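Containing compact mmCIF, C-alpha atoms and all ligand atoms: entry-v7.txt.
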# COMPACT_ATOMS: atom_id res chain seq x y z
CA MET A 288 0.00 0.00 0.00
CA GLU A 289 1.08 3.55 -0.76
CA ILE A 290 0.21 6.62 1.32
CA ILE A 291 0.50 10.10 -0.18
CA GLU A 292 0.82 13.12 2.11
CA LYS A 293 1.18 16.76 1.16
CA ALA A 294 3.50 18.97 3.20
CA PRO A 295 2.45 22.60 2.69
CA ALA A 296 4.59 25.64 3.51
CA LYS A 297 3.67 27.54 6.65
CA ILE A 298 3.77 31.29 7.01
CA ASN A 299 3.92 33.47 10.10
CA LEU A 300 1.42 36.32 9.98
CA GLY A 301 2.60 37.29 13.43
CA LEU A 302 5.57 36.15 15.52
CA ASP A 303 6.15 37.63 18.96
CA VAL A 304 9.08 36.63 21.17
CA LEU A 305 7.91 37.10 24.77
CA TYR A 306 10.93 36.06 26.83
CA LYS A 307 13.82 33.61 27.09
CA ARG A 308 12.97 30.61 29.25
CA ASP A 309 15.19 28.85 31.75
CA ASP A 310 15.56 25.89 29.36
CA GLY A 311 17.12 28.24 26.75
CA TYR A 312 14.12 28.23 24.41
CA HIS A 313 12.01 31.31 23.77
CA GLU A 314 8.38 31.67 24.72
CA LEU A 315 6.51 32.66 21.56
CA GLU A 316 3.08 33.84 20.45
CA MET A 317 2.41 33.30 16.77
CA ILE A 318 -0.35 33.29 14.20
CA MET A 319 0.43 30.71 11.55
CA ALA A 320 -1.28 29.65 8.33
CA SER A 321 -0.53 27.33 5.41
CA VAL A 322 -0.29 28.07 1.70
CA ASP A 323 -0.73 26.00 -1.46
CA LEU A 324 2.94 25.34 -2.11
CA SER A 325 3.75 21.83 -0.94
CA ASP A 326 6.30 19.05 -0.83
CA ARG A 327 4.87 15.60 -1.46
CA LEU A 328 5.71 12.41 0.41
CA ILE A 329 4.87 8.89 -0.77
CA LEU A 330 5.24 6.32 2.02
CA THR A 331 5.35 2.56 1.49
CA ALA A 332 5.87 -0.27 3.96
CA ILE A 333 8.93 -2.43 3.26
CA PRO A 334 9.73 -5.87 4.70
CA THR A 335 13.17 -4.94 6.11
CA ASP A 336 13.47 -2.95 9.32
CA ASP A 337 14.84 0.19 7.62
CA ILE A 338 13.83 3.81 7.17
CA ILE A 339 14.80 4.73 3.62
CA ILE A 340 14.44 8.27 2.29
CA LYS A 341 14.74 9.03 -1.41
CA THR A 342 14.49 12.60 -2.68
CA ASP A 343 14.96 14.66 -5.81
CA ASN A 344 16.84 17.28 -3.74
CA GLY A 345 20.50 16.29 -3.67
CA PHE A 346 21.37 18.70 -0.85
CA LEU A 347 19.20 17.09 1.82
CA PRO A 348 20.56 14.46 4.20
CA VAL A 349 18.69 11.15 3.91
CA ASP A 350 19.96 9.60 7.15
CA ARG A 351 18.84 10.26 10.74
CA LYS A 352 19.73 13.95 10.37
CA ASN A 353 16.58 14.26 8.26
CA ASN A 354 13.44 15.24 10.22
CA ILE A 355 11.42 12.65 8.29
CA TYR A 356 13.71 9.90 9.54
CA GLN A 357 13.41 11.13 13.12
CA ALA A 358 9.61 11.36 12.89
CA ILE A 359 9.25 7.77 11.64
CA ASP A 360 11.83 6.52 14.14
CA ILE A 361 10.00 8.00 17.13
CA MET A 362 6.64 6.67 15.88
CA LYS A 363 8.26 3.23 15.51
CA LYS A 364 9.68 3.36 19.05
CA THR A 365 6.38 4.60 20.51
CA TYR A 366 3.90 2.42 18.61
CA GLY A 367 6.15 -0.57 17.87
CA PHE A 368 5.34 -1.38 14.25
CA THR A 369 7.67 -4.00 12.86
CA GLN A 370 7.95 -3.17 9.17
CA GLY A 371 10.27 -0.56 7.70
CA VAL A 372 9.23 2.46 5.65
CA GLU A 373 10.40 3.91 2.37
CA VAL A 374 9.67 7.58 1.76
CA ASN A 375 9.87 9.28 -1.61
CA LEU A 376 10.10 13.02 -1.07
CA LYS A 377 9.34 15.43 -3.91
CA LYS A 378 10.80 18.71 -2.73
CA ASN A 379 9.11 21.89 -3.96
CA LEU A 380 9.64 24.18 -0.96
CA PRO A 381 12.85 26.17 -0.56
CA VAL A 382 15.12 24.82 2.20
CA ALA A 383 16.10 26.86 5.31
CA ALA A 384 13.70 29.56 4.21
CA GLY A 385 11.47 30.28 7.23
CA LEU A 386 8.61 28.40 5.57
CA GLY A 387 8.82 25.30 7.77
CA GLY A 388 9.69 22.93 4.91
CA GLY A 389 11.58 20.42 7.05
CA SER A 390 8.94 20.61 9.78
CA SER A 391 6.09 20.15 7.34
CA ASP A 392 7.84 17.12 5.82
CA ALA A 393 8.23 15.65 9.32
CA ALA A 394 4.56 16.34 10.11
CA ALA A 395 3.56 14.60 6.88
CA ALA A 396 5.74 11.63 7.87
CA PHE A 397 3.98 11.44 11.29
CA ARG A 398 0.54 11.52 9.63
CA GLY A 399 1.69 9.13 6.90
CA VAL A 400 2.98 6.29 9.11
CA ASN A 401 -0.05 6.75 11.35
CA ARG A 402 -2.26 6.00 8.32
CA LEU A 403 0.07 3.39 6.79
CA PHE A 404 0.02 1.18 9.89
CA ASN A 405 -3.39 2.22 11.33
CA LEU A 406 -1.72 3.31 14.58
CA GLY A 407 -4.64 5.44 15.79
CA ALA A 408 -2.42 8.24 17.13
CA THR A 409 -4.18 11.58 17.63
CA LEU A 410 -2.75 14.86 16.34
CA GLU A 411 -2.22 15.86 19.97
CA GLU A 412 -0.19 12.72 20.72
CA MET A 413 1.95 13.15 17.62
CA ALA A 414 2.43 16.86 18.39
CA LYS A 415 3.85 15.95 21.82
CA LEU A 416 6.28 13.46 20.28
CA SER A 417 7.37 15.95 17.63
CA VAL A 418 8.59 18.89 19.74
CA PRO A 419 12.15 17.56 20.34
CA ILE A 420 12.52 17.10 16.57
CA GLY A 421 11.38 20.62 15.67
CA THR A 422 9.22 23.27 17.30
CA ASP A 423 7.26 24.07 14.10
CA ILE A 424 6.12 20.46 13.66
CA PRO A 425 3.09 20.67 16.03
CA TYR A 426 1.64 23.49 13.93
CA CYS A 427 2.37 21.59 10.69
CA LEU A 428 0.54 18.53 12.03
CA TYR A 429 -2.64 20.60 12.38
CA GLY A 430 -1.90 22.63 9.24
CA GLN A 431 -4.77 25.07 9.68
CA THR A 432 -4.73 28.74 10.63
CA ALA A 433 -3.84 28.75 14.32
CA LEU A 434 -2.61 30.62 17.36
CA VAL A 435 0.62 28.90 18.38
CA THR A 436 2.18 29.50 21.81
CA GLY A 437 4.77 28.04 24.19
CA VAL A 438 7.89 27.12 22.23
CA GLY A 439 5.60 26.21 19.35
CA ASP A 440 4.08 23.23 21.12
CA ARG A 441 0.62 24.65 21.93
CA VAL A 442 -1.60 24.89 18.87
CA THR A 443 -5.07 26.44 19.04
CA PRO A 444 -6.79 26.29 15.65
CA LEU A 445 -8.84 29.40 14.83
CA SER A 446 -12.48 28.92 13.91
CA HIS A 447 -11.90 30.62 10.53
CA PRO A 448 -9.08 30.35 7.98
CA MET A 449 -7.05 33.49 7.28
CA PRO A 450 -8.98 35.71 4.83
CA GLN A 451 -8.41 34.65 1.22
CA CYS A 452 -5.72 36.56 -0.63
CA TRP A 453 -2.74 36.10 -2.93
CA ILE A 454 0.68 35.74 -1.43
CA VAL A 455 4.06 36.34 -3.02
CA LEU A 456 6.88 34.47 -1.30
CA VAL A 457 10.38 35.70 -2.01
CA LYS A 458 13.44 33.89 -0.70
CA PRO A 459 16.70 35.79 -1.06
CA LYS A 460 19.72 33.61 -1.88
CA ILE A 461 21.02 33.35 1.68
CA SER A 462 20.63 30.80 4.46
CA VAL A 463 19.51 31.85 7.91
CA SER A 464 20.21 29.60 10.89
CA THR A 465 17.25 29.65 13.29
CA PRO A 466 19.34 28.62 16.35
CA ARG A 467 21.77 31.44 15.54
CA VAL A 468 19.02 34.05 15.29
CA PHE A 469 17.52 32.95 18.62
CA SER A 470 20.96 32.93 20.27
CA LYS A 471 21.78 36.47 19.08
CA ILE A 472 18.56 38.42 19.73
CA GLN A 473 18.27 40.77 22.69
CA VAL A 474 14.71 40.14 23.82
CA ASP A 475 14.43 43.54 25.55
CA SER A 476 15.05 45.45 22.35
CA LEU A 477 12.61 43.57 20.10
CA SER A 478 9.39 44.93 18.64
CA HIS A 479 6.19 43.15 19.63
CA PRO A 480 3.42 42.68 17.07
CA ASN A 481 -0.13 42.68 18.40
CA ILE A 482 -0.92 38.97 18.06
CA LYS A 483 -4.36 39.30 19.64
CA ALA A 484 -5.33 41.93 17.05
CA ILE A 485 -4.35 39.55 14.23
CA TYR A 486 -6.28 36.76 15.95
CA HIS A 487 -9.46 38.84 16.23
CA ALA A 488 -9.12 40.22 12.70
CA ILE A 489 -9.04 36.65 11.35
CA GLU A 490 -11.95 35.54 13.51
CA ASN A 491 -13.88 38.56 12.14
CA GLN A 492 -12.64 37.78 8.60
CA ASP A 493 -11.41 41.38 8.39
CA TYR A 494 -8.55 41.41 5.85
CA GLN A 495 -7.83 45.16 6.16
CA GLU A 496 -7.58 44.93 9.95
CA MET A 497 -5.39 41.81 9.73
CA ILE A 498 -2.79 43.31 7.39
CA GLN A 499 -2.32 46.34 9.61
CA HIS A 500 -1.02 44.16 12.44
CA LEU A 501 1.31 41.74 10.64
CA GLY A 502 4.68 41.69 12.37
CA ASN A 503 7.65 39.58 13.39
CA SER A 504 9.91 40.17 16.41
CA LEU A 505 12.81 38.44 14.62
CA GLU A 506 12.64 40.67 11.54
CA SER A 507 14.88 43.48 12.82
CA TYR A 508 17.76 41.15 13.73
CA THR A 509 17.66 39.18 10.45
CA MET A 510 17.38 42.43 8.47
CA GLU A 511 20.37 43.91 10.26
CA VAL A 512 22.56 40.89 9.44
CA PHE A 513 21.10 40.40 5.94
CA PRO A 514 20.06 43.80 4.48
CA ILE A 515 18.69 42.03 1.37
CA VAL A 516 15.70 40.95 3.49
CA LYS A 517 14.79 44.57 4.22
CA TYR A 518 15.40 45.45 0.59
CA VAL A 519 12.98 42.75 -0.58
CA LYS A 520 10.30 43.86 1.89
CA ASN A 521 10.64 47.50 0.80
CA LYS A 522 10.46 46.52 -2.87
CA MET A 523 7.28 44.54 -2.26
CA LEU A 524 5.62 47.56 -0.66
CA GLU A 525 6.96 49.86 -3.37
CA PHE A 526 5.43 47.63 -6.06
CA GLY A 527 2.03 47.78 -4.40
CA ALA A 528 1.71 44.87 -1.97
CA ASP A 529 -1.01 45.45 0.65
CA ALA A 530 1.46 44.39 3.37
CA ALA A 531 4.72 42.48 3.73
CA VAL A 532 6.39 40.64 6.60
CA MET A 533 9.26 38.18 7.11
CA SER A 534 8.31 34.57 7.87
CA GLY A 535 9.86 32.70 10.84
CA SER A 536 13.53 33.57 11.32
CA GLY A 537 13.73 34.37 7.60
CA PRO A 538 14.96 34.96 5.03
CA THR A 539 11.67 34.52 3.11
CA VAL A 540 9.45 37.60 3.01
CA LEU A 541 5.77 37.34 2.16
CA ALA A 542 3.69 39.98 0.43
CA LEU A 543 -0.10 39.89 0.77
CA CYS A 544 -2.36 41.16 -2.01
CA LYS A 545 -6.13 40.98 -2.17
CA LYS A 546 -6.07 41.36 -5.96
CA ARG A 547 -4.43 38.74 -8.14
CA SER A 548 -3.26 41.32 -10.71
CA ARG A 549 -1.41 43.18 -7.97
CA ALA A 550 0.25 39.99 -6.74
CA VAL A 551 1.35 39.10 -10.28
CA HIS A 552 2.86 42.57 -10.62
CA VAL A 553 4.74 42.24 -7.31
CA ALA A 554 5.96 38.72 -8.21
CA ASN A 555 7.19 39.80 -11.66
CA ALA A 556 8.91 42.87 -10.26
CA LEU A 557 10.68 40.85 -7.57
CA LYS A 558 11.92 38.27 -10.10
CA GLY A 559 14.38 40.95 -11.14
CA PHE A 560 16.00 40.80 -7.69
CA CYS A 561 15.62 37.20 -6.53
CA ASP A 562 15.55 33.76 -8.19
CA GLU A 563 13.09 32.18 -5.81
CA VAL A 564 9.71 33.87 -6.19
CA TYR A 565 6.44 31.97 -5.66
CA LEU A 566 2.89 33.19 -6.23
CA VAL A 567 0.60 31.18 -3.95
CA ARG A 568 -2.83 31.23 -2.31
CA THR A 569 -3.90 30.67 1.24
CA LEU A 570 -5.23 27.19 1.98
CA ASN A 571 -8.86 27.50 2.92
CA ARG A 572 -8.47 26.01 6.40
O1 LIG A 601 12.36 24.75 15.59
P1 LIG A 601 13.64 24.15 15.99
O2 LIG A 601 13.43 23.15 17.08
O3 LIG A 601 14.42 23.60 14.85
O4 LIG A 601 14.47 25.33 16.61
C1 LIG A 601 15.85 25.50 16.41
C2 LIG A 601 16.47 26.25 17.56
O5 LIG A 601 15.88 27.56 17.68
C3 LIG A 601 16.30 25.61 18.92
O6 LIG A 601 17.26 24.63 19.14
C4 LIG A 601 16.46 26.81 19.84
O7 LIG A 601 17.82 27.12 19.99
C5 LIG A 601 15.81 27.93 19.05
N1 LIG A 601 14.42 28.14 19.46
C6 LIG A 601 14.15 28.92 20.56
N2 LIG A 601 12.85 29.10 20.96
C7 LIG A 601 11.84 28.54 20.27
C8 LIG A 601 12.09 27.77 19.13
C9 LIG A 601 13.40 27.58 18.74
O8 LIG A 601 15.05 29.46 21.21
N3 LIG A 601 10.59 28.74 20.68

Show how you would write the structure in this file as structure tokens.
Ligand code: C5P
Amino acid sequence: MEIIEKAPAKINLGLDVLYKRDDGYHELEMIMASVDLSDRLILTAIPTDDIIIKTDNGFLPVDRKNNIYQAIDIMKKTYGFTQGVEVNLKKNLPVAAGLGGGSSDAAAAFRGVNRLFNLGATLEEMAKLSVPIGTDIPYCLYGQTALVTGVGDRVTPLSHPMPQCWIVLVKPKISVSTPRVFSKIQVDSLSHPNIKAIYHAIENQDYQEMIQHLGNSLESYTMEVFPIVKYVKNKMLEFGADAAVMSGSGPTVLALCKKRSRAVHVANALKGFCDEVYLVRTLNR
């Protein structure tokens, strides 16, 4: 039997860093949503006791350094299935981009083996298991517009999806290390987006209100180290985006546009500055 799972990109409409915890992690408040740009995983059971990952992306590790491997391994240890698993990963999302690609792949692997072997694990149970592998995985397991708190481990789905719009994702040609960003930020000097305002705007399906409050506490640090990120955001606004904000720890910046024609214009204009430009839609969930 073959199981197919999609692994959509996540975006941060709001990311607030509240404080540094005693365990070294940061307490966060985020509004996250998913867009229709996805990796695809095909999982099959194999008779040997192995976890085999095959991918069209030659830069990704396929051993236990890969989040997919770790997700299947922890499910195997917890639920004790005896067969091995082969995963074919079609990679469409940019890597180390702030779009949660690795986390979404891992979440798809959790859901996939759960279905493949009828393990009966709930999203909540898998979310708990996933946190040591990556703090964006709990959100990716749910995959719907949500308020995400704690270190990323507490996911509260909103009762409405984010208002429909077009989104231009632009990833400058640099890699940002999330651990490095978190280790360098001075929490006292960060800006704090109004997460509750974004939350209420989405619940009221008020696009104009929502875009006024987009924000990311990590943006100023990443922009200082990588000025191209600020440049991209400014260009998006200059070319008519309704709003623009960096996703996660970066470097991807997202531009929101209610009108498709405007989004196409922003995407085409940005292609002159960056290779990786994607025009996507919100997922209606
Ligand atoms: O999401 P992930 O688990 O890959 O996070 C990478 C690193 O980012 C963590 O090891 C930690 O240093 C930092 N981090 C943090 N606070 C969070 C999430 C991540 O300090 N809430």

All residues 8 Å or closer to region 443-459 of chain A, all atoms listed in the file, same chain fewer than 3 positions away omitted, as an mmCIF file with C-alpha atoms, keeping the file's coordinate frame:
data_model
loop_
_atom_site.group_PDB
_atom_site.id
_atom_site.type_symbol
_atom_site.label_atom_id
_atom_site.label_comp_id
_atom_site.auth_asym_id
_atom_site.auth_seq_id
_atom_site.Cartn_x
_atom_site.Cartn_y
_atom_site.Cartn_z
ATOM 1 C CA ALA A 320 -1.280 29.650 8.330
ATOM 2 C CA PRO A 381 12.850 26.170 -0.560
ATOM 3 C CA ALA A 384 13.700 29.560 4.210
ATOM 4 C CA TYR A 429 -2.640 20.600 12.380
ATOM 5 C CA GLN A 431 -4.770 25.070 9.680
ATOM 6 C CA THR A 432 -4.730 28.740 10.630
ATOM 7 C CA ALA A 433 -3.840 28.750 14.320
ATOM 8 C CA LEU A 434 -2.610 30.620 17.360
ATOM 9 C CA VAL A 435 0.620 28.900 18.380
ATOM 10 C CA TYR A 486 -6.280 36.760 15.950
ATOM 11 C CA ILE A 489 -9.040 36.650 11.350
ATOM 12 C CA GLU A 490 -11.950 35.540 13.510
ATOM 13 C CA GLN A 492 -12.640 37.780 8.600
ATOM 14 C CA ASP A 493 -11.410 41.380 8.390
ATOM 15 C CA TYR A 494 -8.550 41.410 5.850
ATOM 16 C CA ILE A 515 18.690 42.030 1.370
ATOM 17 C CA VAL A 516 15.700 40.950 3.490
ATOM 18 C CA VAL A 519 12.980 42.750 -0.580
ATOM 19 C CA PRO A 538 14.960 34.960 5.030
ATOM 20 C CA THR A 539 11.670 34.520 3.110
ATOM 21 C CA VAL A 540 9.450 37.600 3.010
ATOM 22 C CA LEU A 541 5.770 37.340 2.160
ATOM 23 C CA ALA A 542 3.690 39.980 0.430
ATOM 24 C CA LEU A 543 -0.100 39.890 0.770
ATOM 25 C CA CYS A 544 -2.360 41.160 -2.010
ATOM 26 C CA LYS A 545 -6.130 40.980 -2.170
ATOM 27 C CA LYS A 546 -6.070 41.360 -5.960
ATOM 28 C CA ARG A 547 -4.430 38.740 -8.140
ATOM 29 C CA ALA A 550 0.250 39.990 -6.740
ATOM 30 C CA VAL A 553 4.740 42.240 -7.310
ATOM 31 C CA ALA A 554 5.960 38.720 -8.210
ATOM 32 C CA LEU A 557 10.680 40.850 -7.570
ATOM 33 C CA CYS A 561 15.620 37.200 -6.530
ATOM 34 C CA ASP A 562 15.550 33.760 -8.190
ATOM 35 C CA GLU A 563 13.090 32.180 -5.810
ATOM 36 C CA VAL A 564 9.710 33.870 -6.190
ATOM 37 C CA TYR A 565 6.440 31.970 -5.660
ATOM 38 C CA LEU A 566 2.890 33.190 -6.230
ATOM 39 C CA VAL A 567 0.600 31.180 -3.950
ATOM 40 C CA ARG A 568 -2.830 31.230 -2.310
ATOM 41 C CA THR A 569 -3.900 30.670 1.240
ATOM 42 C CA LEU A 570 -5.230 27.190 1.980
ATOM 43 C CA ASN A 571 -8.860 27.500 2.920
ATOM 44 C CA ARG A 572 -8.470 26.010 6.400
#

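Minimum atom-to-atom distances from A:Ser536, A:Thr342, A:Asn299, A:Gln495 to Val322 (chain A) were compared using all atoms listed in the file, and the lowest value belongs to A:Asn299.
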
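Closest approach to Glu314 (chain A) from the set A:Val438, A:Met497, A:Ile333, A:Ile339 is made by A:Val438, with distances taken over all atoms listed in the file.
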
Hey, which residues sit close to ligand LIG 601 (chain A)? Say within 7 Å, counting all atoms listed in the file, and write them as a CSV table (one decimal) with C-alpha atoms, keeping the file's coordinate frame.
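Final output, saved to out08.csv:
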chain,number,residue,atom,x,y,z
A,311,GLY,CA,17.1,28.2,26.8
A,312,TYR,CA,14.1,28.2,24.4
A,313,HIS,CA,12.0,31.3,23.8
A,314,GLU,CA,8.4,31.7,24.7
A,315,LEU,CA,6.5,32.7,21.6
A,418,VAL,CA,8.6,18.9,19.7
A,419,PRO,CA,12.2,17.6,20.3
A,420,ILE,CA,12.5,17.1,16.6
A,421,GLY,CA,11.4,20.6,15.7
A,422,THR,CA,9.2,23.3,17.3
A,423,ASP,CA,7.3,24.1,14.1
A,437,GLY,CA,4.8,28.0,24.2
A,438,VAL,CA,7.9,27.1,22.2
A,439,GLY,CA,5.6,26.2,19.4
A,465,THR,CA,17.2,29.6,13.3
A,466,PRO,CA,19.3,28.6,16.4
A,469,PHE,CA,17.5,33.0,18.6
A,470,SER,CA,21.0,32.9,20.3

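Here CA of Gly535 (chain A) is placed at a distance of 23.0 Å from CA of Leu376 (chain A).
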
Checklist line | Residue nearest Leu501 (chain A) - candidates A:Ile461, A:Leu428, A:Ile355, A:Ala531, atoms counted: all atoms listed in the file | finding: A:Ala531

Need the shell around Tyr356 (chain A): protein/DNA/RNA residues with any atom at most 12 Å away, counting all atoms listed in the file. Skip same-chain ones fewer than 5 positions apart. Format as a PDB file with C-alpha atoms, in the coordinates of the input?
ATOM      1  CA  LEU A 330       5.240   6.320   2.020  1.00  0.00           C
ATOM      2  CA  ASP A 337      14.840   0.190   7.620  1.00  0.00           C
ATOM      3  CA  ILE A 338      13.830   3.810   7.170  1.00  0.00           C
ATOM      4  CA  ILE A 339      14.800   4.730   3.620  1.00  0.00           C
ATOM      5  CA  ILE A 340      14.440   8.270   2.290  1.00  0.00           C
ATOM      6  CA  LYS A 341      14.740   9.030  -1.410  1.00  0.00           C
ATOM      7  CA  LEU A 347      19.200  17.090   1.820  1.00  0.00           C
ATOM      8  CA  PRO A 348      20.560  14.460   4.200  1.00  0.00           C
ATOM      9  CA  VAL A 349      18.690  11.150   3.910  1.00  0.00           C
ATOM     10  CA  ASP A 350      19.960   9.600   7.150  1.00  0.00           C
ATOM     11  CA  ARG A 351      18.840  10.260  10.740  1.00  0.00           C
ATOM     12  CA  ILE A 361      10.000   8.000  17.130  1.00  0.00           C
ATOM     13  CA  MET A 362       6.640   6.670  15.880  1.00  0.00           C
ATOM     14  CA  LYS A 363       8.260   3.230  15.510  1.00  0.00           C
ATOM     15  CA  GLY A 371      10.270  -0.560   7.700  1.00  0.00           C
ATOM     16  CA  VAL A 372       9.230   2.460   5.650  1.00  0.00           C
ATOM     17  CA  GLU A 373      10.400   3.910   2.370  1.00  0.00           C
ATOM     18  CA  VAL A 374       9.670   7.580   1.760  1.00  0.00           C
ATOM     19  CA  ASN A 375       9.870   9.280  -1.610  1.00  0.00           C
ATOM     20  CA  LEU A 376      10.100  13.020  -1.070  1.00  0.00           C
ATOM     21  CA  GLY A 389      11.580  20.420   7.050  1.00  0.00           C
ATOM     22  CA  SER A 390       8.940  20.610   9.780  1.00  0.00           C
ATOM     23  CA  ASP A 392       7.840  17.120   5.820  1.00  0.00           C
ATOM     24  CA  ALA A 393       8.230  15.650   9.320  1.00  0.00           C
ATOM     25  CA  ALA A 394       4.560  16.340  10.110  1.00  0.00           C
ATOM     26  CA  ALA A 395       3.560  14.600   6.880  1.00  0.00           C
ATOM     27  CA  ALA A 396       5.740  11.630   7.870  1.00  0.00           C
ATOM     28  CA  PHE A 397       3.980  11.440  11.290  1.00  0.00           C
ATOM     29  CA  VAL A 400       2.980   6.290   9.110  1.00  0.00           C
ATOM     30  CA  SER A 417       7.370  15.950  17.630  1.00  0.00           C
ATOM     31  CA  ILE A 420      12.520  17.100  16.570  1.00  0.00           C
TER      32      ILE A 420
END

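Distance-wise, CA of Asn344 (chain A) and CA of Ala294 (chain A) end up 15.1 Å apart.
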
Edge lengths and centre, in Å to one decimal, as lines of an AutoDock Vina configuration file: that's what I need for the box along x, y and z that holds all listed atoms of region 387-403 of chain A plus 8 Å on each side.
center_x = 4.7
center_y = 14.3
center_z = 8.1
size_x = 29.8
size_y = 37.9
size_z = 22.4

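Distance check against Ala332 (chain A) using all atoms listed in the file: of A:Asp310, A:Asp360, A:Glu289, A:Glu496, the minimum falls on A:Glu289.
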
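A straight line drawn from CA of His487 (chain A) to CA of Arg549 (chain A) is 25.9 Å long.
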
Margin query: I want to know what sits within 9 Å of Asn481 (chain A), based on all atoms listed in the file, with residues of the same chain fewer than 2 positions away left out; could you give that as a ChimeraX atom specification?
Written below: /A:301,303,479,483-486,500-502

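Distance annotation: of A:Val512, A:Ile424, A:Ile329, A:Ala530, the residue with the minimal separation from Val468 (chain A) is A:Val512; atom set is all atoms listed in the file.
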
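Of the residues listed (A:Thr409, A:Ser462, A:Ser507, A:Ser391), A:Ser391 shows the shortest atom-to-atom separation from Lys378 (chain A); distances use only C-alpha atoms.
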
Checklist line | Exercise: Ala556 (chain A) partners within 9 Å, all atoms listed in the file, chain neighbours under 3 positions left out, as a VMD selection string | finding: chain A and resid 522 to 523 526 551 to 553 559 to 560
